[in-house]
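Trainee: Mind having a look at this structure? Questions to follow.
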Amino acid sequence: MATTHTYDALIVGAGGAGMRAAIEASDKVRTAVISKLYPTRSHTGAAQGGMCAALANMEEDYPEWHAFDTVKGGDYLVDQPAAQLMTEEAVEAVYQLEHWGLPFNRTPEGKIAQRRFGGHTRNHGEGPVMRACYAADRTGHMILQTLYQQCVKRDVKFFNEFYVLDLLMQDGACAGVVAYELATGEIHIFRAKSVLFATGGYGRMFKVSSNAHALTGDGPAVVYRRGIPLEDMEFFQFHPTGLNKLGILLSEGARGEGAILLNKDGERFMERYAPTIKDLAPRDVVSRSIFQEIKEGRGDGPNGDYVYLDFRHMDPKILEEKLPDITEFARVYLRVEPTKELVPIQPTAHYAMGGIPTDINGQVVTGPEETPVPGLYAAGECACVSVHGANRLGTNSLLDIVVFGRRGGAHMAEFAASAQLPALPDDPTKHTMDMLNGLLTRDRAESADDVRTELQAAMYDLAFVVRTDEGLAEAQRILAGLHERYDRLGVQDKGSVYNTDLMETVELGFLLDCADTLVTAARARDESRGGHYREDHPLRDDANWLKHSLAYRQPDGSVALDFKPVKMGPYIPMERKY
Amino acid sequence: MATETAADVLHASDRADRRREGKTRLTLKIRRFNPEVSDESWWDEFTVFMEPTDRLLDALHEVKWHQDGTLALRRSCAHGVCGSDAMMINGRNDLACKVLVQDVAPKATVEPIRGLSVLKDLIVDMEPFFEGFKSVMPYLINDSGEPDKERYQSAEDRARFDDTTKCILCAACTTSCPIFWGDEGYVGPAAIVNAHRFIYDSRDEGSRERLKILSEKTGVFRCRTTFNCTDACPRGIQVTKAIQEVKRSILFDRF
């Protein structure tokens with residue numbers, strides 16, 4: 001028997017976007033947040049470098065310059081009105097976080113301090129600009145803590161360690177979700193007038209990733225299985241500076257503060273690839289440059305597969321005060337002393353530009369006509385507004401979650417205030433029970449980890465920084481085999497209390513679905529744009545591909561693609577040079 | 001469990017052998033508890049072969065993914081910032097993702113953190129811990145109205161409470177405290193750290209109320225300065241110092 005709960009507004013995920021939405025909605029309607037983790041475990045807390053807003057505390061700056069950088073950084077796949085809105089609302093969003101107590105670093109006169117970040121420039125590309133507001137290299141931690149504190153203050157209702165496994169739809173409108181309570185194994189039905197997904201990304205499909213174990217594409221996969229398309233899934237960001245092999249992130253803020261990239265010959269190679277802003281070029285450009293260096297034999301190590309981040313020339317005081325965490329990561333995990341030694345790095349899977357398609361109010365929209373799904377919302381990394389286009393600029397994710405978390409929370413509350421509670425579909429828990437019972441009753445023929453490891457290896461080898469049609473076709477074949485094996489998986493733990501074996505195996509299923517859409521859309525897009533680089537089609541092709549992809553799940557599990565136009569604005573696509 | 005065929009066993013041992021090449025042997029002694037199995041906890045031992053630079057968390061995953069799927073633990077970020085995987089490792093609280101295999105091999109004893117009810121294996125009931133956190137009003141209180149832009153704060157004032165902003169609420173400090181083990185009423189070090197973060201923030205106006213809460217019998221004066229909390233903090237926060245500062249403010253500052 002399932003327990004049924006009823007709310008006006010229901011938020012799935014308790015990271016930055018989910019909690020920002022909850023703060024907005026809980027003042028107005030009966031709101032609850034469901035999260036598979038405790039809120040403070042969310043991956044927003046791992047964000048390091050900053051949150052950009054044109055406060056102009058350090059030097060001249062304007063939201064319009066920020067909007068231009070966002071559109072150019074996204075290789076013109078950005079919906080320009082959304083980017084303009086985000087960069088305008090950025091300034092107020094930062095002030096609001098400060099008013100809520102966020103401990104930003106300060107300038108000597110006591111204002112919020114700002115620093116340089118990749119792809120953020122003065123006057124449309126003239127040179128780097130100090131735009132990133134930061135709290136050392138734990139800006140995300142501070143945002144997550146501040147938003148959680150505000151939720152505590154407002155007594156927001158949380159269902160912690162509840163895992164949402166299905167979306168309930170009735171007559172084309174959202175009617176709620178089904179969740180699995182980890183502590184007891186009990187199934188819960190949550191009825192709601194509006195539901196907002198804020199479940200984060202799916203970077204765990206790659207072998208080398210900066211992402212938490214929890215980032216398995218739950219929200220996107222749950223809605224995809226209910227017929228909602230996923231937008232621009234081929235665009236995934238590979239951050240240039242992950243700790244070698246581990247993928248643990250070393251913030252771009254490091255380069256913002258003066259660290260530089262070196263190849264094995266000690267050459268500052270970014271001077272060749274981006275003569276104007278060098279090491280502060282956007283992430284897609286830097287990651288590709290690293291791959292090129294490695295390909296041409298200038299990577300170091302036994303396999304010649306990494307380059308270096310060099311902090312040695314920097315004042316140790318800057319490391320201590322502004323980059324303490326990443327300095328410690330190098331010490332703890334690689335046993336390297338960054339003040340004296342080079343830090344081996346390689347690109348690491350970092351951020352999903354694609355996700356659940358929404359409008360600027362967080363409302364989920366389907367099809368080329370962008371038909372709203374009544375009551376269904378998404379925000380943050382699991383959503384695609386699209387403000388990041390083909391490549392997100394550093395710091396714009398923390399901005400995205402607070403701006404669109406707020407907008408989504410406001411709109412879902414407004415919607416819920418006047419909507420009727422939809423009826424439940426027949427047998428609302430059937431889909432969930434079938435899925436769980438299958439995993440619980442089958443024997444463990446093989447470990448889910450074997451399937452997951454092969455998925456991660458295939459995605460790393462074939463769908464990472466550099467892609468080809470041949471490689472993506474191979475990835476599709478591998479994925480088909482992994483799905484077959486997945487369908488035969490059973491879990492070893494048959495219990496009800498904290499069955500994390502079961503939870504992890506469900507997560508793997510979600511990852512596989514997200515990987516299908518990524519690979520299919522990447523294979524179709526025979527051009528290179530932003531984070532999607534096709535070695536066999538190295539140029540951007542605006543005539544054919546200045547459009548968003550939409551991936552739909554077919555009844556047989558295959559992926560069907562559709563497309564919709566990019567919303568243009570003042571910025572005309574031009575060659576992307578830095 | 002289905003009976004394994006000889007071929008399965010051979011396959012499994014082949015795979016295990018491949019995994020061993022050039023690796024470090026680590027025996028994990030893990031305190032287990034599962035209310036669906038027994039009312040009592042028990043010990044299990046597992047041997048895994050890991051890279052010396054792997055994390056203890058990776059070794060626990062190796063056990064869970066290839067030896068015993070019923071092993072339950074919390075984890076997420078795997079690099080010491082989310083605070084999920086605090087556990088007692090060789091008698092000392094730490095995050096499993098910040099301890100490397102080479103530092104504990106050939107043997108590590110792993111237990112749940114103490115002072116909170118164990119729900120299953122390494123998973124404890126975090127609710128009392130978060131209740132303690134919530135009890136100290138852990139949010140900025142300022143009723144003087146908001147300026148159009150940011151409130152100004154000098155770099156010096158910002159530095160005053162920097163140390164306690166690092167807290168990730170992992171509970172390593174609170175569950176290393178002998179007073180907390182013996183007295184469920186004590187709010188514990190983590191709650192005091194989070195109160196400290198606001199008490200010494202120049203923008204905050206709620207110190208009087210927070211200090212009143214912490215001067216009560218469940219508050220800071222339960223602390224006997226054993227420094228376990230400071231030793232346990234994976235973020236390097238000077239927890240005992242923060243508690244002492246709060247004590248001093250209650251005694252001398254007359255808020």
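Ligands are numbered from 1 in the order shown, residues from 1 within each chain, and chains are lettered A, B, ... in the order they appear in the structure tokens.
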With 8 Å as the cut-off and only C-alpha atoms counted, what is the closest atom pair between each nearby residue of chain B and chain A? Distances in Å to one decimal, ordered by chain and number, as a Markdown table.

Mentor:
| residue | atom | partner | partner_atom | distance |
| --- | --- | --- | --- | --- |
| B:Met1 | CA | A:Asp443 | CA | 6.7 |
| B:Ala2 | CA | A:Asp443 | CA | 6.6 |
| B:Asn34 | CA | A:Val497 | CA | 7.8 |
| B:Pro35 | CA | A:Val497 | CA | 7.9 |
| B:Glu36 | CA | A:Gly495 | CA | 7.2 |
| B:Thr53 | CA | A:Tyr333 | CA | 7.1 |
| B:Trp65 | CA | A:Asp449 | CA | 6.0 |
| B:His66 | CA | A:Ser447 | CA | 6.5 |
| B:Asp68 | CA | A:Gln492 | CA | 7.5 |
| B:Gly69 | CA | A:Gln492 | CA | 5.3 |
| B:Thr70 | CA | A:Asp493 | CA | 4.7 |
| B:Ala72 | CA | A:Thr500 | CA | 6.3 |
| B:Leu73 | CA | A:Thr500 | CA | 7.8 |
| B:Arg75 | CA | A:His213 | CA | 7.5 |
| B:Ser76 | CA | A:His213 | CA | 4.9 |
| B:Cys77 | CA | A:Ala212 | CA | 3.9 |
| B:Ala78 | CA | A:Ala212 | CA | 6.5 |
| B:His79 | CA | A:Ile248 | CA | 7.2 |
| B:Val81 | CA | A:Ala46 | CA | 6.2 |
| B:Cys82 | CA | A:Arg41 | CA | 4.5 |
| B:Gly83 | CA | A:Arg41 | CA | 6.4 |
| B:Ser84 | CA | A:Arg41 | CA | 6.4 |
| B:Lys98 | CA | A:Val332 | CA | 7.2 |
| B:Leu100 | CA | A:Tyr333 | CA | 7.8 |
| B:Leu119 | CA | A:Val497 | CA | 7.9 |
| B:Lys120 | CA | A:Tyr498 | CA | 6.9 |
| B:Lys134 | CA | A:Val152 | CA | 6.9 |
| B:Met137 | CA | A:Lys153 | CA | 7.5 |
| B:Pro138 | CA | A:Gln149 | CA | 6.1 |
| B:Tyr139 | CA | A:Gln149 | CA | 5.0 |
| B:Leu140 | CA | A:Gly101 | CA | 5.4 |
| B:Glu146 | CA | A:His99 | CA | 6.7 |
| B:Asp148 | CA | A:Tyr95 | CA | 8.0 |
| B:Lys149 | CA | A:Tyr95 | CA | 5.8 |
| B:Glu150 | CA | A:Tyr95 | CA | 5.2 |
| B:Arg151 | CA | A:His99 | CA | 7.0 |
| B:Tyr152 | CA | A:Gly110 | CA | 4.8 |
| B:Gln153 | CA | A:Gly110 | CA | 4.6 |
| B:Ser154 | CA | A:Gly110 | CA | 4.4 |
| B:Ala155 | CA | A:Arg106 | CA | 5.4 |
| B:Arg158 | CA | A:Pro103 | CA | 7.1 |
| B:Thr165 | CA | A:Met142 | CA | 7.6 |
| B:Ile168 | CA | A:Thr40 | CA | 7.3 |
| B:Leu169 | CA | A:Thr40 | CA | 7.6 |
| B:Arg203 | CA | A:Gly101 | CA | 7.7 |

Trainee: Residues as selected, N, CA and C atoms, written as a compact mmCIF listing (two decimals), in the first residue's frame, can you do that?

Mentor:
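Just written: out_8.txt:
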# COMPACT_ATOMS: atom_id res chain seq x y z
N MET B 1 19.65 -16.51 -2.66
CA MET B 1 20.61 -16.46 -3.78
C MET B 1 20.56 -17.76 -4.58
N ALA B 2 20.66 -17.65 -5.89
CA ALA B 2 20.74 -18.86 -6.72
C ALA B 2 22.09 -19.52 -6.49
N ASN B 34 21.66 -4.67 10.41
CA ASN B 34 20.50 -4.66 9.52
C ASN B 34 19.30 -5.12 10.33
N PRO B 35 18.38 -4.19 10.62
CA PRO B 35 17.25 -4.56 11.49
C PRO B 35 16.38 -5.66 10.88
N GLU B 36 16.49 -5.87 9.57
CA GLU B 36 15.70 -6.95 8.96
C GLU B 36 16.36 -8.31 9.14
N THR B 53 46.37 4.71 -4.32
CA THR B 53 45.82 6.08 -4.29
C THR B 53 44.30 6.11 -4.33
N TRP B 65 29.87 -3.49 -4.57
CA TRP B 65 29.53 -3.79 -5.96
C TRP B 65 29.94 -5.19 -6.39
N HIS B 66 30.91 -5.80 -5.68
CA HIS B 66 31.40 -7.10 -6.15
C HIS B 66 31.42 -8.19 -5.09
N ASP B 68 29.32 -7.84 -1.56
CA ASP B 68 28.10 -7.87 -0.77
C ASP B 68 27.24 -6.63 -1.05
N GLY B 69 26.27 -6.81 -1.92
CA GLY B 69 25.41 -5.69 -2.33
C GLY B 69 24.55 -5.13 -1.22
N THR B 70 24.47 -5.87 -0.10
CA THR B 70 23.61 -5.37 0.98
C THR B 70 24.31 -4.33 1.85
N ALA B 72 25.40 -1.06 3.24
CA ALA B 72 24.75 0.23 3.05
C ALA B 72 25.60 1.36 3.62
N LEU B 73 25.79 2.38 2.81
CA LEU B 73 26.49 3.59 3.26
C LEU B 73 25.95 4.76 2.45
N ARG B 75 26.96 8.27 0.44
CA ARG B 75 28.07 8.99 -0.20
C ARG B 75 27.51 9.75 -1.37
N SER B 76 28.18 10.82 -1.76
CA SER B 76 27.78 11.44 -3.01
C SER B 76 28.96 12.03 -3.76
N CYS B 77 29.53 13.15 -3.27
CA CYS B 77 30.51 13.86 -4.10
C CYS B 77 31.83 13.12 -4.27
N ALA B 78 32.20 12.33 -3.26
CA ALA B 78 33.44 11.54 -3.29
C ALA B 78 34.71 12.38 -3.28
N HIS B 79 34.62 13.66 -2.92
CA HIS B 79 35.86 14.42 -2.72
C HIS B 79 35.78 15.41 -1.56
N VAL B 81 33.37 17.29 -0.04
CA VAL B 81 32.63 18.54 0.09
C VAL B 81 31.14 18.38 0.40
N CYS B 82 30.58 17.16 0.24
CA CYS B 82 29.13 17.04 0.48
C CYS B 82 28.81 16.56 1.89
N GLY B 83 29.76 15.91 2.54
CA GLY B 83 29.57 15.53 3.95
C GLY B 83 28.73 14.29 4.16
N SER B 84 28.55 13.45 3.14
CA SER B 84 27.68 12.28 3.29
C SER B 84 28.35 11.12 4.02
N LYS B 98 38.04 10.92 1.84
CA LYS B 98 39.26 11.71 2.02
C LYS B 98 40.41 10.87 2.59
N LEU B 100 42.94 7.75 1.93
CA LEU B 100 43.43 6.93 0.83
C LEU B 100 43.80 5.54 1.32
N LEU B 119 20.87 2.90 11.56
CA LEU B 119 19.69 2.43 10.85
C LEU B 119 20.01 1.20 10.01
N LYS B 120 21.18 1.23 9.39
CA LYS B 120 21.67 0.04 8.67
C LYS B 120 23.16 0.24 8.39
N LYS B 134 19.21 23.15 13.58
CA LYS B 134 18.10 24.09 13.43
C LYS B 134 17.81 24.87 14.71
N MET B 137 19.05 28.75 15.32
CA MET B 137 18.67 29.79 14.36
C MET B 137 19.80 30.02 13.34
N PRO B 138 20.08 29.01 12.54
CA PRO B 138 21.23 29.07 11.64
C PRO B 138 20.91 29.80 10.33
N TYR B 139 20.60 31.08 10.45
CA TYR B 139 20.33 31.90 9.26
C TYR B 139 20.55 33.34 9.65
N LEU B 140 20.85 34.18 8.68
CA LEU B 140 21.13 35.57 8.98
C LEU B 140 19.88 36.28 9.48
N GLU B 146 16.83 46.17 3.91
CA GLU B 146 17.85 45.80 2.95
C GLU B 146 18.21 46.97 2.05
N ASP B 148 19.67 48.83 -1.42
CA ASP B 148 19.41 48.51 -2.83
C ASP B 148 20.49 47.58 -3.38
N LYS B 149 21.71 47.80 -2.91
CA LYS B 149 22.81 46.95 -3.37
C LYS B 149 23.22 46.01 -2.24
N GLU B 150 24.51 45.60 -2.20
CA GLU B 150 24.95 44.73 -1.13
C GLU B 150 25.18 45.53 0.15
N ARG B 151 25.08 44.84 1.30
CA ARG B 151 25.56 45.43 2.53
C ARG B 151 27.08 45.45 2.48
N TYR B 152 27.67 46.49 2.94
CA TYR B 152 29.12 46.51 2.97
C TYR B 152 29.62 45.71 4.17
N GLN B 153 30.76 45.08 3.97
CA GLN B 153 31.40 44.36 5.07
C GLN B 153 32.90 44.41 4.79
N SER B 154 33.68 44.83 5.78
CA SER B 154 35.12 44.92 5.54
C SER B 154 35.69 43.53 5.39
N ALA B 155 36.83 43.44 4.69
CA ALA B 155 37.49 42.15 4.52
C ALA B 155 37.84 41.56 5.89
N ARG B 158 34.74 40.14 7.42
CA ARG B 158 34.43 38.90 6.70
C ARG B 158 35.33 37.76 7.18
N THR B 165 32.41 29.12 8.29
CA THR B 165 31.56 28.99 7.08
C THR B 165 31.88 27.72 6.31
N ILE B 168 30.35 21.52 6.52
CA ILE B 168 29.53 20.79 5.55
C ILE B 168 28.51 19.88 6.25
N LEU B 169 28.34 20.06 7.55
CA LEU B 169 27.32 19.33 8.30
C LEU B 169 27.44 17.81 8.16
N ARG B 203 27.06 41.48 9.91
CA ARG B 203 25.76 41.85 9.33
C ARG B 203 24.59 41.32 10.16

Trainee: Within stretch 344-565 of chain A, find each residue whose DSSP state, derived from the backbone, is strand (DSSP E or B), and express the selection as a ChimeraX atom specification.

Mentor: /A:344-352,355-358,363-366,371-378,383-384,467,529,532,534,537,547-553,559-565

Trainee: Could you save those same residues with C-alpha atoms as a PDB file, in the first residue's frame?

Mentor:
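Below is the file that was written, part_14.pdb:
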ATOM      1  CA  PRO A 344      48.564  16.927 -13.627  1.00  0.00           C
ATOM      2  CA  ILE A 345      45.144  17.609 -15.150  1.00  0.00           C
ATOM      3  CA  GLN A 346      42.883  16.326 -17.902  1.00  0.00           C
ATOM      4  CA  PRO A 347      39.410  17.275 -19.136  1.00  0.00           C
ATOM      5  CA  THR A 348      36.596  15.934 -16.990  1.00  0.00           C
ATOM      6  CA  ALA A 349      32.875  15.499 -17.711  1.00  0.00           C
ATOM      7  CA  HIS A 350      31.307  18.395 -15.899  1.00  0.00           C
ATOM      8  CA  TYR A 351      27.974  19.825 -16.969  1.00  0.00           C
ATOM      9  CA  ALA A 352      24.928  18.990 -19.074  1.00  0.00           C
ATOM     10  CA  GLY A 355      17.902  18.684 -20.432  1.00  0.00           C
ATOM     11  CA  ILE A 356      14.173  19.097 -19.962  1.00  0.00           C
ATOM     12  CA  PRO A 357      12.991  21.912 -22.284  1.00  0.00           C
ATOM     13  CA  THR A 358      11.467  24.888 -20.484  1.00  0.00           C
ATOM     14  CA  GLN A 363       7.463  25.694 -17.513  1.00  0.00           C
ATOM     15  CA  VAL A 364       8.180  22.499 -19.432  1.00  0.00           C
ATOM     16  CA  VAL A 365       7.422  22.879 -23.139  1.00  0.00           C
ATOM     17  CA  THR A 366       7.268  20.135 -25.767  1.00  0.00           C
ATOM     18  CA  THR A 371       3.442  23.554 -26.073  1.00  0.00           C
ATOM     19  CA  PRO A 372       3.422  23.939 -22.271  1.00  0.00           C
ATOM     20  CA  VAL A 373       2.732  20.882 -20.133  1.00  0.00           C
ATOM     21  CA  PRO A 374       0.292  22.197 -17.506  1.00  0.00           C
ATOM     22  CA  GLY A 375       1.739  21.978 -14.011  1.00  0.00           C
ATOM     23  CA  LEU A 376       5.157  20.632 -15.020  1.00  0.00           C
ATOM     24  CA  TYR A 377       8.327  22.655 -14.388  1.00  0.00           C
ATOM     25  CA  ALA A 378      12.084  22.182 -14.420  1.00  0.00           C
ATOM     26  CA  ALA A 383      16.530  21.800 -17.477  1.00  0.00           C
ATOM     27  CA  CYS A 384      17.336  23.439 -20.808  1.00  0.00           C
ATOM     28  CA  ARG A 467      33.597  12.511 -31.462  1.00  0.00           C
ATOM     29  CA  ARG A 529      29.533  23.540 -32.075  1.00  0.00           C
ATOM     30  CA  HIS A 532      30.044  18.981 -29.332  1.00  0.00           C
ATOM     31  CA  ARG A 534      32.952  16.151 -34.477  1.00  0.00           C
ATOM     32  CA  HIS A 537      32.791  17.622 -39.314  1.00  0.00           C
ATOM     33  CA  LYS A 547      18.633  24.620 -34.151  1.00  0.00           C
ATOM     34  CA  HIS A 548      17.938  22.739 -30.937  1.00  0.00           C
ATOM     35  CA  SER A 549      17.492  18.993 -30.963  1.00  0.00           C
ATOM     36  CA  LEU A 550      14.604  17.273 -29.188  1.00  0.00           C
ATOM     37  CA  ALA A 551      14.985  13.597 -28.310  1.00  0.00           C
ATOM     38  CA  TYR A 552      11.820  11.535 -27.792  1.00  0.00           C
ATOM     39  CA  ARG A 553      11.648   8.060 -26.401  1.00  0.00           C
ATOM     40  CA  VAL A 559      15.273   7.607 -29.712  1.00  0.00           C
ATOM     41  CA  ALA A 560      13.460   9.780 -32.271  1.00  0.00           C
ATOM     42  CA  LEU A 561      14.772  13.263 -32.997  1.00  0.00           C
ATOM     43  CA  ASP A 562      12.941  16.447 -33.776  1.00  0.00           C
ATOM     44  CA  PHE A 563      14.255  20.005 -33.914  1.00  0.00           C
ATOM     45  CA  LYS A 564      13.208  23.541 -33.054  1.00  0.00           C
ATOM     46  CA  PRO A 565      14.630  26.913 -33.978  1.00  0.00           C
TER      47      PRO A 565
END

Trainee: If you run DSSP over the backbone, which residues in stretch 4-224 of chain B end up helix (DSSP H, G or I)? Put them as a PyMOL selection string.

Mentor: chain B and resi 6-20+56-66+101-104+127-134+155-160+163-166+174-176+178-182+189-199+207-215+220-222

Trainee: Quick one, how far is atom CA of A:Arg525 from atom CA of A:Asp359?

Mentor: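 Atom-to-atom, atom CA of A:Arg525 and atom CA of A:Asp359 are spaced 23.4 Å apart.
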
Trainee: For A:Gly16, which of A:Lys567, A:His124, A:Lys430, A:Arg406 is the closest residue, counting only C-alpha atoms?

Mentor: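 Smallest separation from A:Gly16 among the options: A:Arg406.
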
Trainee: List the neighbours of stretch 399-401 of chain A out to 6 Å using only C-alpha atoms; skip same-chain residues closer than 3 positions along the sequence, and give me the result as a list in words.

Mentor: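 Those residues are Gly16, Ala17, Met51, Gly380, Asn396, Phe404 and Gly405 of chain A.
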
Trainee: Which residue, A:Met503, A:Leu398, A:Val29, A:Met130, has the smallest gap to A:Leu182 when you use only C-alpha atoms?

Mentor: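 Answer, going by the shortest atom-to-atom distance: A:Met503.
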
Trainee: Find the residues around B:Gly80 up to 8 Å (only C-alpha atoms counted), leave out those fewer than 6 positions away in its own chain, and share them as a PyMOL selection string.

Mentor: chain B and resi 95+97-98+234

Trainee: For stretch 244-250 of chain B, find every residue with an atom within 7 Å (counting only C-alpha atoms), except residues of its own chain fewer than 5 positions away, and show them as an NGL selection string.

Mentor: :B and (196 or 211 or 215 or 220)

Trainee: Just N, CA and C atoms for this one: save the residues we selected as a PDB file, in the first residue's frame.

Mentor:
ATOM      1  N   HIS B 196      28.167  30.068  15.626  1.00  0.00           N
ATOM      2  CA  HIS B 196      29.357  30.926  15.571  1.00  0.00           C
ATOM      3  C   HIS B 196      29.429  31.673  14.245  1.00  0.00           C
ATOM      4  N   LEU B 211      22.984  33.395  21.585  1.00  0.00           N
ATOM      5  CA  LEU B 211      23.815  33.163  22.779  1.00  0.00           C
ATOM      6  C   LEU B 211      22.958  32.714  23.948  1.00  0.00           C
ATOM      7  N   SER B 215      23.515  29.328  25.973  1.00  0.00           N
ATOM      8  CA  SER B 215      23.882  29.409  27.396  1.00  0.00           C
ATOM      9  C   SER B 215      23.037  28.466  28.242  1.00  0.00           C
ATOM     10  N   VAL B 220      26.695  25.438  25.103  1.00  0.00           N
ATOM     11  CA  VAL B 220      28.155  25.352  25.042  1.00  0.00           C
ATOM     12  C   VAL B 220      28.838  24.893  26.314  1.00  0.00           C
TER      13      VAL B 220
END

Trainee: Which residue is closest to A:Glu181? Choose from A:Lys36, A:Arg204, A:Arg488, A:His313 and count only C-alpha atoms.

Mentor: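 Closest to A:Glu181, using only C-alpha atoms: A:Lys36.
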
Trainee: What separation in Å, quoted to one decimal, exists between atom CA of A:Gly125 and atom CA of A:Arg540?

Mentor: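 If I compute the distance from atom CA of A:Gly125 to atom CA of A:Arg540, I get 19.7 Å.
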
Trainee: As a ChimeraX atom specification, please: the residues near A:Val156 (cut-off 12 Å, only C-alpha atoms, same-chain neighbours under 5 positions excluded).

Mentor: /A:9-11,14,18-34,39,147-151

Trainee: So how far away is atom CA of B:Pro112 from atom CA of B:Val124, in Å?

Mentor: 6.9 Å
